[in-house]
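Engineer: To be precise about what I am sending: the file is called run09.txt and holds compact mmCIF, C-alpha atoms.
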```
# COMPACT_ATOMS: atom_id res chain seq x y z
CA MET A 1 -2.75 -25.95 -5.04
CA THR A 2 -4.08 -25.14 -1.58
CA GLU A 3 -5.25 -21.62 -0.79
CA LEU A 4 -2.88 -19.85 1.59
CA THR A 5 -4.69 -18.38 4.58
CA LEU A 6 -3.91 -16.86 7.94
CA PRO A 7 -4.88 -18.86 11.07
CA SER A 8 -8.06 -16.78 11.42
CA GLY A 9 -9.13 -17.97 7.96
CA ARG A 10 -8.32 -14.66 6.27
CA SER A 11 -6.44 -14.66 2.99
CA LEU A 12 -2.75 -13.81 2.72
CA LEU A 13 -3.50 -11.73 -0.37
CA ARG A 14 -3.39 -8.32 1.29
CA PRO A 15 -0.07 -9.01 3.10
CA ALA A 16 1.34 -10.42 -0.17
CA LEU A 17 0.39 -7.24 -2.01
CA ILE A 18 1.80 -5.03 0.75
CA LEU A 19 5.08 -6.95 0.70
CA ASP A 20 5.25 -6.66 -3.09
CA ALA A 21 4.59 -2.90 -2.91
CA ALA A 22 7.20 -2.38 -0.19
CA VAL A 23 9.99 -4.38 -1.84
CA THR A 24 9.22 -2.92 -5.28
CA GLY A 25 9.11 0.61 -3.89
CA VAL A 26 12.39 0.26 -2.00
CA ASN A 27 14.03 -1.20 -5.10
CA GLY A 28 12.73 1.65 -7.23
CA VAL A 29 13.86 4.33 -4.78
CA ALA A 30 17.30 2.69 -4.59
CA TYR A 31 17.59 2.77 -8.39
CA LEU A 32 16.67 6.46 -8.38
CA ALA A 33 18.84 7.49 -5.44
CA ALA A 34 21.91 5.39 -6.19
CA ALA A 35 21.92 4.99 -9.96
CA GLY A 36 25.57 6.09 -10.22
CA PRO A 37 27.05 3.63 -7.72
CA LEU A 38 24.72 0.89 -8.94
CA GLU A 39 25.87 1.54 -12.51
CA ASP A 40 29.43 0.77 -11.38
CA LEU A 41 28.37 -2.31 -9.38
CA LEU A 42 25.86 -3.84 -11.79
CA GLY A 43 27.38 -2.65 -15.05
CA LEU A 44 24.06 -1.21 -16.24
CA PRO A 45 23.63 2.36 -17.47
CA ALA A 46 22.47 4.78 -14.77
CA SER A 47 19.80 6.11 -17.15
CA TRP A 48 18.30 2.63 -17.42
CA LEU A 49 18.35 2.23 -13.64
CA ARG A 50 16.63 5.61 -13.18
CA THR A 51 13.97 4.67 -15.74
CA ALA A 52 13.41 1.34 -14.00
CA GLY A 53 13.24 3.21 -10.69
CA VAL A 54 10.43 5.47 -11.93
CA VAL A 55 8.49 2.48 -13.28
CA LEU A 56 9.00 0.51 -10.07
CA VAL A 57 7.91 3.36 -7.79
CA ALA A 58 4.79 3.93 -9.89
CA PHE A 59 3.99 0.21 -9.88
CA ALA A 60 4.59 0.00 -6.12
CA LEU A 61 2.08 2.82 -5.57
CA PHE A 62 -0.48 0.99 -7.71
CA VAL A 63 0.06 -2.27 -5.82
CA ALA A 64 -0.25 -0.44 -2.47
CA LEU A 65 -3.54 1.10 -3.58
CA VAL A 66 -4.87 -2.28 -4.72
CA ALA A 67 -3.84 -3.81 -1.38
CA ARG A 68 -6.35 -1.55 0.36
CA ARG A 69 -9.26 -3.17 -1.50
CA PRO A 70 -8.13 -6.04 -3.75
CA SER A 71 -10.29 -6.96 -6.71
CA ALA A 72 -9.86 -9.90 -9.06
CA GLY A 73 -9.16 -7.66 -12.06
CA ALA A 74 -6.57 -5.48 -10.33
CA VAL A 75 -4.78 -8.44 -8.75
CA SER A 76 -4.79 -10.27 -12.09
CA ALA A 77 -3.19 -7.19 -13.66
CA ILE A 78 -0.52 -7.10 -10.94
CA VAL A 79 0.23 -10.79 -11.42
CA ALA A 80 0.43 -10.27 -15.20
CA VAL A 81 2.85 -7.34 -14.80
CA ASN A 82 4.94 -9.34 -12.31
CA LEU A 83 5.13 -12.28 -14.71
CA ALA A 84 6.03 -9.96 -17.59
CA TRP A 85 8.81 -8.48 -15.42
CA VAL A 86 10.10 -11.99 -14.69
CA ALA A 87 10.11 -12.97 -18.36
CA GLY A 88 11.66 -9.68 -19.42
CA SER A 89 14.33 -9.89 -16.74
CA LEU A 90 15.32 -13.42 -17.73
CA VAL A 91 15.50 -12.50 -21.43
CA PHE A 92 17.50 -9.39 -20.49
CA ALA A 93 19.94 -11.48 -18.42
CA VAL A 94 20.35 -14.24 -21.01
CA ALA A 95 20.77 -11.76 -23.87
CA GLY A 96 23.27 -9.71 -21.86
CA TRP A 97 21.61 -6.44 -22.90
CA GLY A 98 23.47 -3.47 -21.50
CA SER A 99 26.55 -5.65 -20.91
CA PRO A 100 25.94 -6.14 -17.18
CA GLU A 101 28.74 -7.27 -14.91
CA THR A 102 28.40 -10.78 -13.47
CA VAL A 103 26.93 -9.32 -10.28
CA GLY A 104 24.44 -7.40 -12.45
CA THR A 105 23.32 -10.57 -14.20
CA VAL A 106 22.99 -12.38 -10.88
CA TRP A 107 20.99 -9.44 -9.49
CA ILE A 108 18.63 -9.47 -12.49
CA VAL A 109 17.97 -13.21 -12.08
CA LEU A 110 17.55 -12.95 -8.29
CA GLN A 111 15.05 -10.12 -8.54
CA ALA A 112 13.16 -12.09 -11.20
CA LEU A 113 12.91 -15.01 -8.76
CA VAL A 114 11.61 -12.72 -6.00
CA VAL A 115 9.02 -11.20 -8.32
CA ALA A 116 7.97 -14.70 -9.46
CA GLY A 117 7.50 -15.55 -5.78
CA PHE A 118 5.25 -12.51 -5.33
CA ALA A 119 3.15 -13.56 -8.32
CA GLU A 120 2.82 -17.13 -7.02
CA LEU A 121 1.88 -15.94 -3.53
CA GLN A 122 -0.70 -13.54 -4.95
CA VAL A 123 -2.28 -16.23 -7.11
CA ALA A 124 -2.25 -18.82 -4.32
CA SER A 125 -3.81 -16.47 -1.78
CA ALA A 126 -6.50 -14.89 -3.99
CA PRO A 127 -9.88 -15.98 -2.60
CA TRP A 128 -11.48 -15.92 -6.05
CA ARG A 129 -8.82 -17.94 -7.87
CA ALA A 130 -10.01 -20.60 -10.28
CA GLY A 131 -10.86 -23.94 -8.77
CA ARG A 132 -11.78 -22.63 -5.34
CA THR A 133 -14.93 -24.31 -4.14
CA SER A 134 -15.79 -22.29 -1.05
```
Can I see the file as structure tokens?

Structural biologist:
Amino acid sequence: MTELTLPSGRSLLRPALILDAAVTGVNGVAYLAAAGPLEDLLGLPASWLRTAGVVLVAFALFVALVARRPSAGAVSAIVAVNLAWVAGSLVFAVAGWGSPETVGTVWIVLQALVVAGFAELQVASAPWRAGRTS
């Protein structure tokens, strides 16, 4: 895999982390602010959405802090959490936990794909990733 860089030779890691923090934070705030209407739309309990919202906002704050000064350990932890979210989301969708509506299941899978994309972008743009020779 080729390292992703900006034209000036700088890594895309910081922008990837900022994008992850922004999207995760907006998603978390939406779950907190609109749990009732989202419960009706997605078919998931509002209490679960609120809990996910709290977790997502906290994670978004962590990712935003790491974006200021990325380190290999912190970015590896973010990638690991993102991958765990992807795996958990896919198991959740396949198992039908919470009896989501069809749109809820589609939403769970789509967000898992977005989070997988964040993880891939973070790994590909990390300047210290394994196999990098320069």

Engineer: What separation in Å, quoted to one decimal, exists between atom CA of Gly104 of chain A and atom CA of Ala64 of chain A?

Structural biologist: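 Computing it gives 27.5 Å between the two atoms.
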
Engineer: Point out the residue among A:Val75, A:Val29, A:Val86, A:Ala93 with the least atom-to-atom distance to Ala124 of chain A, counting only C-alpha atoms.

Structural biologist: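 Closest to Ala124 of chain A of all the choices is A:Val75.
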
Engineer: At a cut-off of 12 Å, using only C-alpha atoms, what residues contact Arg69 of chain A? Leave out same-chain residues fewer than 3 positions from it and give the result as a ChimeraX atom specification.

Structural biologist: /A:13-15,17-18,62-66,72-75

Engineer: Give the padded box for segment 93-105 of chain A as lines of an AutoDock Vina configuration file: axis-aligned, covering all atoms listed in the file, 3 Å on each side, centre and edge lengths in Å to one decimal.

Structural biologist:
```
center_x = 24.3
center_y = -8.9
center_z = -17.1
size_x = 14.8
size_y = 16.8
size_z = 19.6
```

Engineer: State, in Å with one decimal place, the distance from atom CA of Ile78 of chain A to atom CA of Val91 of chain A.

Structural biologist: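 Separating atom CA of Ile78 of chain A from atom CA of Val91 of chain A is a distance of 19.9 Å.
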
Engineer: If you measure from atom CA of Thr24 of chain A to atom CA of Val55 of chain A, what distance in Å do you get, rounded to one decimal?

Structural biologist: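 Atom-to-atom, atom CA of Thr24 of chain A and atom CA of Val55 of chain A are spaced 9.7 Å apart.
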
Engineer: Could you name the residues that touch Val57 of chain A at 8 Å or less, counting all atoms listed in the file, but leaving out those on the same chain fewer than 4 positions away, as a list in words?

Structural biologist: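 The residues satisfying every condition are Thr24, Gly25, Val26, Gly28, Val29, Gly53 and Leu61 of chain A.
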
Engineer: With a distance cut-off of 12 Å and only C-alpha atoms, select the neighbouring residues of segment 117-121 of chain A, excluding the residue or stretch itself and same-chain residues fewer than 2 positions from it, and output the selection as a short mmCIF file (atom, residue, chain, number, x, y, z; two decimals) with C-alpha atoms, in the frame of the given file.

Structural biologist:
```
data_model
loop_
_atom_site.label_atom_id
_atom_site.label_comp_id
_atom_site.auth_asym_id
_atom_site.auth_seq_id
_atom_site.Cartn_x
_atom_site.Cartn_y
_atom_site.Cartn_z
CA MET A 1 -2.75 -25.95 -5.04
CA THR A 2 -4.08 -25.14 -1.58
CA GLU A 3 -5.25 -21.62 -0.79
CA LEU A 4 -2.88 -19.85 1.59
CA THR A 5 -4.69 -18.38 4.58
CA SER A 11 -6.44 -14.66 2.99
CA LEU A 12 -2.75 -13.81 2.72
CA LEU A 13 -3.50 -11.73 -0.37
CA ARG A 14 -3.39 -8.32 1.29
CA PRO A 15 -0.07 -9.01 3.10
CA ALA A 16 1.34 -10.42 -0.17
CA LEU A 17 0.39 -7.24 -2.01
CA ILE A 18 1.80 -5.03 0.75
CA LEU A 19 5.08 -6.95 0.70
CA ASP A 20 5.25 -6.66 -3.09
CA ALA A 21 4.59 -2.90 -2.91
CA ALA A 22 7.20 -2.38 -0.19
CA VAL A 23 9.99 -4.38 -1.84
CA THR A 24 9.22 -2.92 -5.28
CA VAL A 63 0.06 -2.27 -5.82
CA VAL A 75 -4.78 -8.44 -8.75
CA SER A 76 -4.79 -10.27 -12.09
CA ALA A 77 -3.19 -7.19 -13.66
CA ILE A 78 -0.52 -7.10 -10.94
CA VAL A 79 0.23 -10.79 -11.42
CA ALA A 80 0.43 -10.27 -15.20
CA VAL A 81 2.85 -7.34 -14.80
CA ASN A 82 4.94 -9.34 -12.31
CA LEU A 83 5.13 -12.28 -14.71
CA ALA A 84 6.03 -9.96 -17.59
CA TRP A 85 8.81 -8.48 -15.42
CA VAL A 86 10.10 -11.99 -14.69
CA LEU A 110 17.55 -12.95 -8.29
CA GLN A 111 15.05 -10.12 -8.54
CA ALA A 112 13.16 -12.09 -11.20
CA LEU A 113 12.91 -15.01 -8.76
CA VAL A 114 11.61 -12.72 -6.00
CA VAL A 115 9.02 -11.20 -8.32
CA VAL A 123 -2.28 -16.23 -7.11
CA ALA A 124 -2.25 -18.82 -4.32
CA SER A 125 -3.81 -16.47 -1.78
CA ALA A 126 -6.50 -14.89 -3.99
CA PRO A 127 -9.88 -15.98 -2.60
CA ARG A 129 -8.82 -17.94 -7.87
#
```

Engineer: What lies within 12 Å of Trp97 of chain A using only C-alpha atoms, ignoring chain neighbours under 2 positions off, as a PyMOL selection string?

Structural biologist: chain A and resi 43-45+48+88-95+99-101+104-105+108

Engineer: Quick one: residues within 12 Å of (19.2, 7.8, -15.9) (file frame), counting all atoms listed in the file, please, as number ranges by chain.

Structural biologist: A: 31-36, 38-39, 44-54
